[in-house]
Each structure stands twice: as C-alpha cells, then as structure tokens.
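The structure under discussion appears below in the form of structure tokens.
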Amino acid sequence: MKCLVVDDSATMRRIVVNALKTVGYAETAEAGNGAEALQLVDGSIGLIITDWNMPVMGGLDLVKQLRGRPETAALPILMVTTRSVRDDILQAVQAGISSYIVKPFTPQVLKDKIDQMLAGVAPAA
Amino acid sequence: MIERTRFASYLAEFEATLTLLQQLVSCVRAMDGDGPELARVLAIAETLYAQQPTLRQLPQALHEAYGTIAGALGDIRVSRDTIRSHALDRLHRTHERLAEVTSATESATTALLDGLDRSLARIDRLEQVSLEAGGGADVRALAQELRDEMNNLFGVLQFQDITAQQLGAAGDLLSGVEQRLQSVAALLEPERPAGARPSLDAEPARQGPVVFDERASTHGGQARQELVDTILAEAARMAAAPVG
C-alpha cells in the first residue's frame, strides 16, 4: 500500500517517511501542500498523512476536498499536526479525518493509528 | 435675563470690536515695511485694548502658546524619526535574524537526516558483512538496536518543524508591530493629507495564508495525544449514537 505524505516541511516529510518505513510501509509519495496532494491522489494511494498548516491549500481543506469526491470519500486520512486544542480537533473530525496525531509523535503511535484506520474504523464524523 | 437695552449695548460693543479687528487685519496685510500703516495698526490696537483690557494679554499668551506648540512639534518630529530610524529598523533586523535561525536549523536538520540515512545504510551493510562472516542472532540483535537508536533520532528531529512554527508566529507578531509602528509614524507625518488618518485599530495585513501554529510546542506530547484520543473517542461515540 502506498502512503501519501503531505507537509510543507521537507524535513518533516522525511521524518514521517522514515517512521512509515520502520512500521512496515515502505512505499510512499510526497506533496508539499494540499493542492499538490490532490494532483497525486489516484487508485494507488491507500493512506494519506497530512499536516494542517500549509501554504496554497492546508490540510483541513484537503480533507474536505477528498471527502467530497466519491472515489476518496472513504480513504483513510491521518492528520499529523502540532494543533491540539479541542476546537481544532473537533474541526478536523467534522471535516472528515479518520484519525489524528499530535507532533512530536513516535513511530509506535503512528503504527497504532494506522492499524486502527486500516482495521476498518469509520471516520469519526 | 439680560435687559434688552444692556444686550443691545453689548452687541454694539462687540460689533465695534470686530470692525476694529477687521481694520487691523487689513492694515497688517497692506503693510510693507514700516510706514504709516504701522502707526495706524498701533492706534487701532490701543483702541481695542481700551475697549477690551484683557486683549493686552493676548500677544503674550499667543507667544507662549507658539513656544509650547513649537516644542511639541519638535518632540513629535523626534519621535517620528526615532520610530523610523531605530524601532522599525531594529524590528526589521530582528525579523531577518528569526528567518536566519529558521533557515540554519533547517539546514542543520537536513544534514543530520542525511547522516542518519547514511548510518542506516551502513548498519545494513555491516549486518550483511557480519552475517557472511559467520555472525548469528547477536549480530542481528545489535544491528536492530542500532537501527532503533537511529530511528529515535529521526523522531527527535521533529523539533525543527515545531520551532520553525514558533519562530513563524514570533515573526508574524513582529510584522504586526512593525505595521502598527509605521501607521503611528505616518500619523506624525506633517505632509499627511488632511483627513487621511491611518487606522491603528485595523488588524495588520497578512501576506498569504497562515502556515504556522502559534501554539506549537515540543512539550507534553503524550498528554496532548491522550487528550486528542479522548476527544476522538467521544466524537465517535456521538456519531454512532442513535438519533432521537
């Protein structure tokens, strides 16, 4: 399964890609913002990991766009961000995220969230 | 209630004073060096003083007011120049230094990531060579321990993204202060067109979308994740609850 990592920070993308590799997901693609990610989403992408604050198109708008398309309405989407206040989390849930990780995270947390999502847990909203 | 006759008397005096003032102004305008106009001005002034004794204090009062206003204008000019030359300049340099710090930490982090990638490749190579030389389970175990250490270091480098956001928030704040100070300096500009008044209340214009989280922090990651998990579970329960 190919994972699409979306973050405007190149170093953060490398860190997430490395974490994915350690937990068994070696096939990845990368995008620097939501607009780039939309261009890359196709049938080969099985999971999207996205940051929130990005230029051009942020993570929240990306999630809303993906949930609005029939072919990506059920795609597992994991938000990985520094935002951790209640309103932000609820906003992300309403947008349609499948799960949410706060930075800084450990590979184990990443693995647990991916396992939960791929086990068929529906989006919280 | 003032009597009608006394009121009429006040009006007549006021009208006479205004007429004399008008003549005084006309004489002053017509003056071109000393001459008969100056004597006429002085005569009119003496007539005015006789009718309104308190007018004698007016030149002194005007002179003192001029001195005060000139002093205030000088202070305003100094404040405006100080804002421009010191405060705005220092803010701009601080902004540049923050950008420099962000760039430097990003470069250093990239170099560390490159080093970690090379180290992981060398661990793989070392493991392979050791196994070919007859090494067993302990070689694999040691190699995996080393990989775990390297991967932990990958995780630690998340600090760079978080500090970049913190610096972005600080830079954004400085930009806002800089814009407001520029508005203050513009208010003190003597050539400012009448009626043009920069607003100090309006939110400074931001260029582009917000690309940082002003609350980003490296502290309390586990506690914050636990809070997130609680909220997600709560939201999932509410979504699954039957309607009605």
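Each chain in the structure tokens gets a letter, A, B, ..., in the order shown, and its residues are numbered from 1; ligands are numbered from 1 in order too.
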List every residue of chain A that has an atom at most 7 Å from any atom of chain B, giving for each one its closest atom pair and the distance in Å to one decimal, counting only C-alpha atoms, sorted by chain and then by ascending residue number, as a tab-separated table.
```
residue	atom	partner	partner_atom	distance
A:Ser9	CA	B:Asp161	CA	6.9
A:Thr11	CA	B:Thr110	CA	6.3
A:Met12	CA	B:Asp161	CA	6.5
A:Ile15	CA	B:Phe154	CA	5.9
A:Asn53	CA	B:Val211	CA	4.7
A:Met54	CA	B:Val211	CA	5.0
A:Pro55	CA	B:Val211	CA	5.9
A:Thr82	CA	B:Ala216	CA	5.3
A:Arg83	CA	B:Asp213	CA	6.7
A:Ser84	CA	B:Arg224	CA	6.3
A:Ile89	CA	B:Val228	CA	6.9
A:Ile101	CA	B:Gln225	CA	6.6
A:Val102	CA	B:Gln225	CA	5.7
A:Lys103	CA	B:Gly221	CA	6.7
A:Pro104	CA	B:Gln158	CA	6.0
A:Thr106	CA	B:Gly155	CA	6.5
A:Ala124	CA	B:Ala236	CA	4.5
A:Ala125	CA	B:Ala239	CA	6.0
```
When DSSP is applied to the backbone of this structure, which of chain A are assigned strand (DSSP E)? Write them out as a PyMOL selection string.
chain A and resi 2-6+28-31+45-50+77-81+99-102
Chain A: which residues are helix (DSSP H, G or I) by DSSP, as number ranges by chain?
A: 10-22, 34-40, 59-67, 70-72, 86-95, 107-118
Quick one: residues within 10 Å of stretch 19-31 of chain A, only C-alpha atoms, excluding same-chain residues fewer than 5 positions away - as a PyMOL selection string?
(chain A and resi 1-10+13-14+36-41+45-50+105-108+110-112+114) or (chain B and resi 147-148+151-152+154-155)
What gap, in Å, lies between atom CA of B:Leu188 and atom CA of B:Arg80?
6.1 Å
When you count only C-alpha atoms, which of these residues is closest to A:Leu60: A:Ile97, A:Ala119, A:Gly43, A:Asp87?
A:Ile97
Non-local contacts of B:Ala43 (12 Å; only C-alpha atoms; under 3 positions in same chain excluded) as JSON, numbers by chain:
{"B": [20, 21, 23, 24, 27, 36, 37, 38, 39, 40, 46, 47, 48, 49, 50]}
Export, as a PDB file, in the first residue's frame, the selected residues with N, CA and C atoms.
```pdb
ATOM      1  N   LEU B  20     -12.968  96.946  14.350  1.00  0.00           N
ATOM      2  CA  LEU B  20     -11.572  97.356  14.582  1.00  0.00           C
ATOM      3  C   LEU B  20     -10.617  96.209  14.240  1.00  0.00           C
ATOM      4  N   LEU B  21     -11.000  95.005  14.601  1.00  0.00           N
ATOM      5  CA  LEU B  21     -10.159  93.840  14.284  1.00  0.00           C
ATOM      6  C   LEU B  21     -10.003  93.680  12.774  1.00  0.00           C
ATOM      7  N   GLN B  23     -10.206  96.042  10.556  1.00  0.00           N
ATOM      8  CA  GLN B  23      -9.304  97.107  10.085  1.00  0.00           C
ATOM      9  C   GLN B  23      -7.864  96.761  10.396  1.00  0.00           C
ATOM     10  N   LEU B  24      -7.648  96.162  11.586  1.00  0.00           N
ATOM     11  CA  LEU B  24      -6.288  95.792  11.973  1.00  0.00           C
ATOM     12  C   LEU B  24      -5.724  94.758  11.018  1.00  0.00           C
ATOM     13  N   CYS B  27      -4.882  96.327   7.700  1.00  0.00           N
ATOM     14  CA  CYS B  27      -3.634  97.114   7.780  1.00  0.00           C
ATOM     15  C   CYS B  27      -2.429  96.206   7.783  1.00  0.00           C
ATOM     16  N   PRO B  36       3.249 104.503   7.488  1.00  0.00           N
ATOM     17  CA  PRO B  36       2.033 104.998   8.155  1.00  0.00           C
ATOM     18  C   PRO B  36       1.111 103.861   8.603  1.00  0.00           C
ATOM     19  N   GLU B  37       1.172 102.698   7.893  1.00  0.00           N
ATOM     20  CA  GLU B  37       0.286 101.582   8.280  1.00  0.00           C
ATOM     21  C   GLU B  37       0.612 101.099   9.683  1.00  0.00           C
ATOM     22  N   LEU B  38       1.908 101.093  10.034  1.00  0.00           N
ATOM     23  CA  LEU B  38       2.297 100.612  11.357  1.00  0.00           C
ATOM     24  C   LEU B  38       1.697 101.492  12.434  1.00  0.00           C
ATOM     25  N   ALA B  39       1.748 102.843  12.234  1.00  0.00           N
ATOM     26  CA  ALA B  39       1.180 103.758  13.224  1.00  0.00           C
ATOM     27  C   ALA B  39      -0.319 103.525  13.345  1.00  0.00           C
ATOM     28  N   ARG B  40      -0.959 103.280  12.181  1.00  0.00           N
ATOM     29  CA  ARG B  40      -2.407 103.065  12.184  1.00  0.00           C
ATOM     30  C   ARG B  40      -2.740 101.787  12.941  1.00  0.00           C
ATOM     31  N   GLU B  46      -4.397 100.131  20.248  1.00  0.00           N
ATOM     32  CA  GLU B  46      -4.612 100.874  21.504  1.00  0.00           C
ATOM     33  C   GLU B  46      -6.101 101.077  21.758  1.00  0.00           C
ATOM     34  N   THR B  47      -6.869 101.321  20.670  1.00  0.00           N
ATOM     35  CA  THR B  47      -8.325 101.492  20.821  1.00  0.00           C
ATOM     36  C   THR B  47      -8.970 100.188  21.296  1.00  0.00           C
ATOM     37  N   LEU B  48      -8.497  99.095  20.702  1.00  0.00           N
ATOM     38  CA  LEU B  48      -9.028  97.775  21.096  1.00  0.00           C
ATOM     39  C   LEU B  48      -8.722  97.480  22.564  1.00  0.00           C
ATOM     40  N   TYR B  49      -7.472  97.768  22.964  1.00  0.00           N
ATOM     41  CA  TYR B  49      -7.073  97.492  24.351  1.00  0.00           C
ATOM     42  C   TYR B  49      -7.911  98.309  25.324  1.00  0.00           C
ATOM     43  N   ALA B  50      -8.229  99.582  24.895  1.00  0.00           N
ATOM     44  CA  ALA B  50      -9.028 100.439  25.780  1.00  0.00           C
ATOM     45  C   ALA B  50     -10.428  99.849  25.953  1.00  0.00           C
TER      46      ALA B  50
END
```
I'd like the neighbourhood of B:Ile76 as JSON, numbers by chain, where a residue qualifies if any of its atoms comes within 12 Å (using only C-alpha atoms), though same-chain residues fewer than 6 positions away should be ignored.
{"B": [69, 70, 82, 83, 184, 185, 186, 187, 188, 189, 190]}
May I have the selected residues written with N, CA and C atoms, as a PDB file, in the first residue's frame?
```pdb
ATOM      1  N   ILE B  69       3.701  74.961  21.391  1.00  0.00           N
ATOM      2  CA  ILE B  69       3.380  74.166  20.196  1.00  0.00           C
ATOM      3  C   ILE B  69       4.646  73.825  19.417  1.00  0.00           C
ATOM      4  N   ALA B  70       5.565  74.821  19.309  1.00  0.00           N
ATOM      5  CA  ALA B  70       6.826  74.547  18.589  1.00  0.00           C
ATOM      6  C   ALA B  70       7.607  73.440  19.283  1.00  0.00           C
ATOM      7  N   THR B  82      12.693  58.798  15.436  1.00  0.00           N
ATOM      8  CA  THR B  82      13.179  57.698  16.274  1.00  0.00           C
ATOM      9  C   THR B  82      12.479  56.401  15.902  1.00  0.00           C
ATOM     10  N   ILE B  83      11.160  56.497  15.699  1.00  0.00           N
ATOM     11  CA  ILE B  83      10.404  55.310  15.293  1.00  0.00           C
ATOM     12  C   ILE B  83      10.976  54.762  13.995  1.00  0.00           C
ATOM     13  N   VAL B 184       1.779  54.651  13.064  1.00  0.00           N
ATOM     14  CA  VAL B 184       1.998  55.732  14.028  1.00  0.00           C
ATOM     15  C   VAL B 184       2.918  56.789  13.418  1.00  0.00           C
ATOM     16  N   ALA B 185       3.992  56.334  12.759  1.00  0.00           N
ATOM     17  CA  ALA B 185       4.930  57.274  12.132  1.00  0.00           C
ATOM     18  C   ALA B 185       4.215  58.089  11.060  1.00  0.00           C
ATOM     19  N   ALA B 186       3.310  57.439  10.316  1.00  0.00           N
ATOM     20  CA  ALA B 186       2.569  58.143   9.266  1.00  0.00           C
ATOM     21  C   ALA B 186       1.631  59.190   9.882  1.00  0.00           C
ATOM     22  N   LEU B 187       1.063  58.871  11.052  1.00  0.00           N
ATOM     23  CA  LEU B 187       0.185  59.830  11.743  1.00  0.00           C
ATOM     24  C   LEU B 187       0.952  61.091  12.110  1.00  0.00           C
ATOM     25  N   LEU B 188       2.254  60.934  12.409  1.00  0.00           N
ATOM     26  CA  LEU B 188       3.052  62.069  12.840  1.00  0.00           C
ATOM     27  C   LEU B 188       3.693  62.792  11.659  1.00  0.00           C
ATOM     28  N   GLU B 189       3.343  62.371  10.437  1.00  0.00           N
ATOM     29  CA  GLU B 189       3.923  62.972   9.239  1.00  0.00           C
ATOM     30  C   GLU B 189       3.286  64.328   8.995  1.00  0.00           C
ATOM     31  N   PRO B 190       4.080  65.411   8.902  1.00  0.00           N
ATOM     32  CA  PRO B 190       3.477  66.728   8.696  1.00  0.00           C
ATOM     33  C   PRO B 190       2.841  66.893   7.331  1.00  0.00           C
TER      34      PRO B 190
END
```
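Our summary of the geometry notes that atom CA of B:Ala133 is positioned 22.3 Å from atom CA of B:Arg118.
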One number please: atom CA of B:Val41 to atom CA of B:Val28, in Å, one decimal.
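Spanning atom CA of B:Val41 to atom CA of B:Val28 is a straight-line distance of 7.1 Å.
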